[in-house]
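See below for the structure under consideration.
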Amino acid sequence: MSEKTMTGKTLFVSGGTRGIGKAIVYAFAKKGCDVAFTYASSADTANEIIADVESQFGIKAKAYKLNILEPLTYKDVYKEFDEDFDRLDFFISNAIISGRAVVGGFAPFMRLKPKGLCNIYTATVEAFVVGAQEAAKRMEKVGGGSIISMSSTGNLVYTPNYAGHGTNKAAVETMVKYAAAELGEKNIRVNAVSGGPIDTDALKAFPNYEEVKAEVVKRSPLNRMGDATDLTGACLFLCSNEASWLTGQAIVIDGGTSFQ
Ligand SMILES: NC(=O)c1ccc[n+]([C@@H]2O[C@H](COP(=O)([O-])OP(=O)(O)OC[C@H]3O[C@@H](n4cnc5c(N)ncnc54)[C@H](OP(=O)(O)O)[C@@H]3O)[C@@H](O)[C@H]2O)c1
């Protein structure tokens, strides 16, 4: 799987500076794919990643600042993208908010608040919609493409404090199906990759991180927590010709944790 099968193609992924997004940047770059990614505050990290993937894999990489709480600003970011790249083949909506923006959204049911829930909807569903619309306009020009929304099994399995994220992951998975139904005629496939708990900064922000981690290891028949690189295989597959009739689906990659 190390051949450069994606040479000449371009990926745009949101939130490429950490966790799963960073693993996606490296996985696609390794395949020879040019990579555009976004960051919210980690400009220095973004520049380090660009220098590293360009020198390791001989591809072109660029990073842009984006705030997914302002989804319409995606349009400006895509204008910058157009200055740097002449085609777009793959788009992955991956970035996620945490910290103050999710107060009232990341909480037990009785402490949920409209503002926090709305922020998660904006960052998860609205950002996917605008990012994917702009992607589809560019993919149409090159005869098609593959769009992915990252999702999580928090909409399938009860996870403490996760109601806001879980319900919005369910919503984005349904949005994926609607997009798939309407973009198929442009040869654009749209799917979700739904991960079980993965050891990233987002999960470390859980107040009961150690407890969640121990529970995941116990639940998984594979006896371990997910790693950021565990979701990259599905993303590469969904962006390959091997997935040419696969659209409107959510692929669950959870180390077997959802059935326990
Ligand atoms: N971790 C899990 O257990 C898990 C499981 C399944 C699915 N997922 C999904 O996978 C995706 C990535 O999660 P992760 O765990 O890798 O997250 P993470 O480690 O917290 O990384 C978040 C990324 O989003 C960016 N970001 C943060 N706030 C932003 C904002 N307001 N606007 C734009 N970008 C922003 C960050 O950029 P900066 O570095 O600049 O802040 C960073 O690149 C999410 O959609 C998540 O729901 C996660």
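In the structure tokens, each chain is lettered A, B, ... as it comes, each chain's residues begin at 1, and ligands are numbered from 1 in order of appearance.
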Please provide the set of residues having any atom within 12 Å of Ala23 of chain A, restricted to only C-alpha atoms, with same-chain residues fewer than 6 positions apart removed, written as a PyMOL selection string.
chain A and resi 13+15-17+29-30+37+49+53+94+198+200+227-233+235-236
With the cut-off set at 6 Å and counting only C-alpha atoms and all ligand atoms, tabulate each residue of chain A with an atom at most that distance from an atom of ligand 1, showing the nearest atom pair and its distance in Å to one decimal, ordered by chain and increasing number, as CSV.
residue,atom,partner,partner_atom_place_in_ligand_line,distance
A:Gly15,CA,ligand 1,43 (O),3.2
A:Gly16,CA,ligand 1,43 (O),4.6
A:Thr17,CA,ligand 1,43 (O),4.0
A:Arg18,CA,ligand 1,43 (O),4.6
A:Gly19,CA,ligand 1,16 (O),3.5
A:Ile20,CA,ligand 1,16 (O),3.7
A:Gly21,CA,ligand 1,16 (O),5.5
A:Tyr39,CA,ligand 1,40 (O),3.9
A:Ala40,CA,ligand 1,40 (O),3.5
A:Ser41,CA,ligand 1,40 (O),3.7
A:Ser42,CA,ligand 1,40 (O),3.7
A:Leu66,CA,ligand 1,33 (C),5.0
A:Asn67,CA,ligand 1,32 (N),3.4
A:Ile68,CA,ligand 1,32 (N),3.9
A:Leu69,CA,ligand 1,31 (N),5.5
A:Asn94,CA,ligand 1,45 (O),4.3
A:Ala95,CA,ligand 1,24 (O),3.6
A:Ile96,CA,ligand 1,24 (O),4.6
A:Ile97,CA,ligand 1,28 (N),4.1
A:Met150,CA,ligand 1,45 (O),4.8
A:Ser151,CA,ligand 1,7 (C),4.9
A:Ser152,CA,ligand 1,6 (C),4.0
A:Ser194,CA,ligand 1,6 (C),5.9
A:Gly195,CA,ligand 1,6 (C),3.7
A:Gly196,CA,ligand 1,5 (C),5.0
A:Pro197,CA,ligand 1,3 (O),3.5
A:Ile198,CA,ligand 1,3 (O),3.6
A:Asp199,CA,ligand 1,1 (N),5.7
A:Thr200,CA,ligand 1,15 (O),4.7
A:Asp201,CA,ligand 1,19 (O),4.3
A:Ala202,CA,ligand 1,20 (O),3.7
A:Leu203,CA,ligand 1,1 (N),4.9
Give me a file of those residues, with C-alpha atoms, as a short mmCIF file (atom, residue, chain, number, x, y, z; two decimals), in the first residue's frame.
data_model
loop_
_atom_site.label_atom_id
_atom_site.label_comp_id
_atom_site.auth_asym_id
_atom_site.auth_seq_id
_atom_site.Cartn_x
_atom_site.Cartn_y
_atom_site.Cartn_z
CA GLY A 15 -8.24 20.51 10.75
CA GLY A 16 -4.97 19.01 9.50
CA THR A 17 -2.73 20.09 12.36
CA ARG A 18 -3.59 17.48 14.97
CA GLY A 19 -5.04 14.04 15.64
CA ILE A 20 -6.97 12.36 12.85
CA GLY A 21 -6.66 15.26 10.37
CA TYR A 39 -5.85 25.09 10.99
CA ALA A 40 -7.57 27.28 13.57
CA SER A 41 -4.70 28.52 15.74
CA SER A 42 -1.71 26.22 15.13
CA LEU A 66 -10.31 28.60 8.97
CA ASN A 67 -12.87 28.94 11.74
CA ILE A 68 -15.62 26.35 11.30
CA LEU A 69 -17.85 28.41 13.61
CA ASN A 94 -12.66 16.69 9.73
CA ALA A 95 -12.14 19.76 11.98
CA ILE A 96 -13.95 19.78 15.30
CA ILE A 97 -14.41 22.43 17.99
CA MET A 150 -15.60 12.33 9.73
CA SER A 151 -18.18 11.01 12.17
CA SER A 152 -18.12 9.05 15.40
CA SER A 194 -17.44 6.87 11.75
CA GLY A 195 -14.72 6.21 14.29
CA GLY A 196 -14.85 4.71 17.75
CA PRO A 197 -12.89 6.54 20.48
CA ILE A 198 -9.46 7.56 19.19
CA ASP A 199 -6.61 8.79 21.36
CA THR A 200 -6.37 12.46 20.29
CA ASP A 201 -6.48 15.91 21.94
CA ALA A 202 -10.27 15.94 21.44
CA LEU A 203 -10.63 12.84 23.59
#
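Considering the residues A:Lys79, A:Lys137, A:Ala132, A:Asn161 and counting only C-alpha atoms, Leu117 of chain A has its shortest atom-to-atom contact with A:Asn161.
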Based on the backbone DSSP call, show me all residues of segment 94-160 of chain A assigned helix (DSSP H, G or I), as a PyMOL selection string.
chain A and resi 99-102+109-111+114-141+153-155
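Using only C-alpha atoms, the protein and nucleic acid residues lying no more than 10 Å from Ala51 of chain A, apart from those fewer than 4 places from it along its own chain, are Thr45, Ala46, Asn47, Ser55, Gln56, Lys60, Ala61 and Lys62 of chain A.
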Selection file, C-alpha atoms, as a PDB file, in the first residue's frame:
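Written out: selection-v9.pdb:
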ATOM      1  CA  THR A  45       2.517  23.463  13.490  1.00  0.00           C
ATOM      2  CA  ALA A  46       0.883  23.836  10.070  1.00  0.00           C
ATOM      3  CA  ASN A  47       4.138  25.227   8.630  1.00  0.00           C
ATOM      4  CA  SER A  55      10.455  17.030   1.878  1.00  0.00           C
ATOM      5  CA  GLN A  56       9.462  13.454   2.801  1.00  0.00           C
ATOM      6  CA  LYS A  60       2.849  20.185  -2.725  1.00  0.00           C
ATOM      7  CA  ALA A  61       1.228  21.192   0.584  1.00  0.00           C
ATOM      8  CA  LYS A  62      -0.468  24.418   1.702  1.00  0.00           C
TER       9      LYS A  62
END
Excluding Lys31 of chain A and residues on its chain fewer than 5 positions from it, collect all residues at most 6 Å away from it, counting only C-alpha atoms, and give them as a ChimeraX atom specification.
/A:4-6
With C-alpha atoms retained, could you export that selection as a CSV table (one decimal), in the first residue's frame?
chain,number,residue,atom,x,y,z
A,4,LYS,CA,2.2,6.6,-5.0
A,5,THR,CA,-1.3,5.9,-6.5
A,6,MET,CA,-2.6,9.4,-6.0
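Atom to atom, atom CA of Arg111 of chain A and atom CA of Ala123 of chain A stand 20.1 Å apart.
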How many Å separate atom CA of Gly105 of chain A from atom CA of Ser220 of chain A?
27.1 Å
Report as CSV the residues of segment 126-196 of chain A within 8 Å of segment 248-258 of chain A, each with its shortest atom pair and distance in Å (one decimal), using only C-alpha atoms, ordered by chain and increasing residue number.
residue,atom,partner,partner_atom,distance
A:Thr153,CA,A:Ser258,CA,7.3
A:Leu156,CA,A:Ser258,CA,7.2
A:Val157,CA,A:Ser258,CA,6.2
A:Glu173,CA,A:Ala250,CA,6.8
A:Val176,CA,A:Gly248,CA,6.1
A:Lys177,CA,A:Gly248,CA,4.4
A:Tyr178,CA,A:Gly248,CA,7.7
A:Ala179,CA,A:Gly248,CA,7.8
A:Ala180,CA,A:Gly248,CA,5.1
A:Ala181,CA,A:Gly248,CA,7.1
A:Arg189,CA,A:Gly248,CA,7.4
A:Val190,CA,A:Gly248,CA,5.6
A:Asn191,CA,A:Gln249,CA,5.0
A:Ala192,CA,A:Ala250,CA,4.4
A:Val193,CA,A:Ile251,CA,4.9
A:Ser194,CA,A:Val252,CA,4.7
A:Gly195,CA,A:Ile253,CA,4.9
A:Gly196,CA,A:Asp254,CA,3.9
Near-Thr10 of chain A list (8 Å; only C-alpha atoms; drop same-chain fewer than 6 positions) as a list in words
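The neighbour list is Cys33, Asp34, Val35, Ala36, Phe85, Arg87, Leu88, Asp89 and Phe90 of chain A.
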Residue nearest Ile188 of chain A - candidates A:Asn168, A:Thr247, A:Ser149, A:Ser240, atoms counted: only C-alpha atoms:
A:Thr247
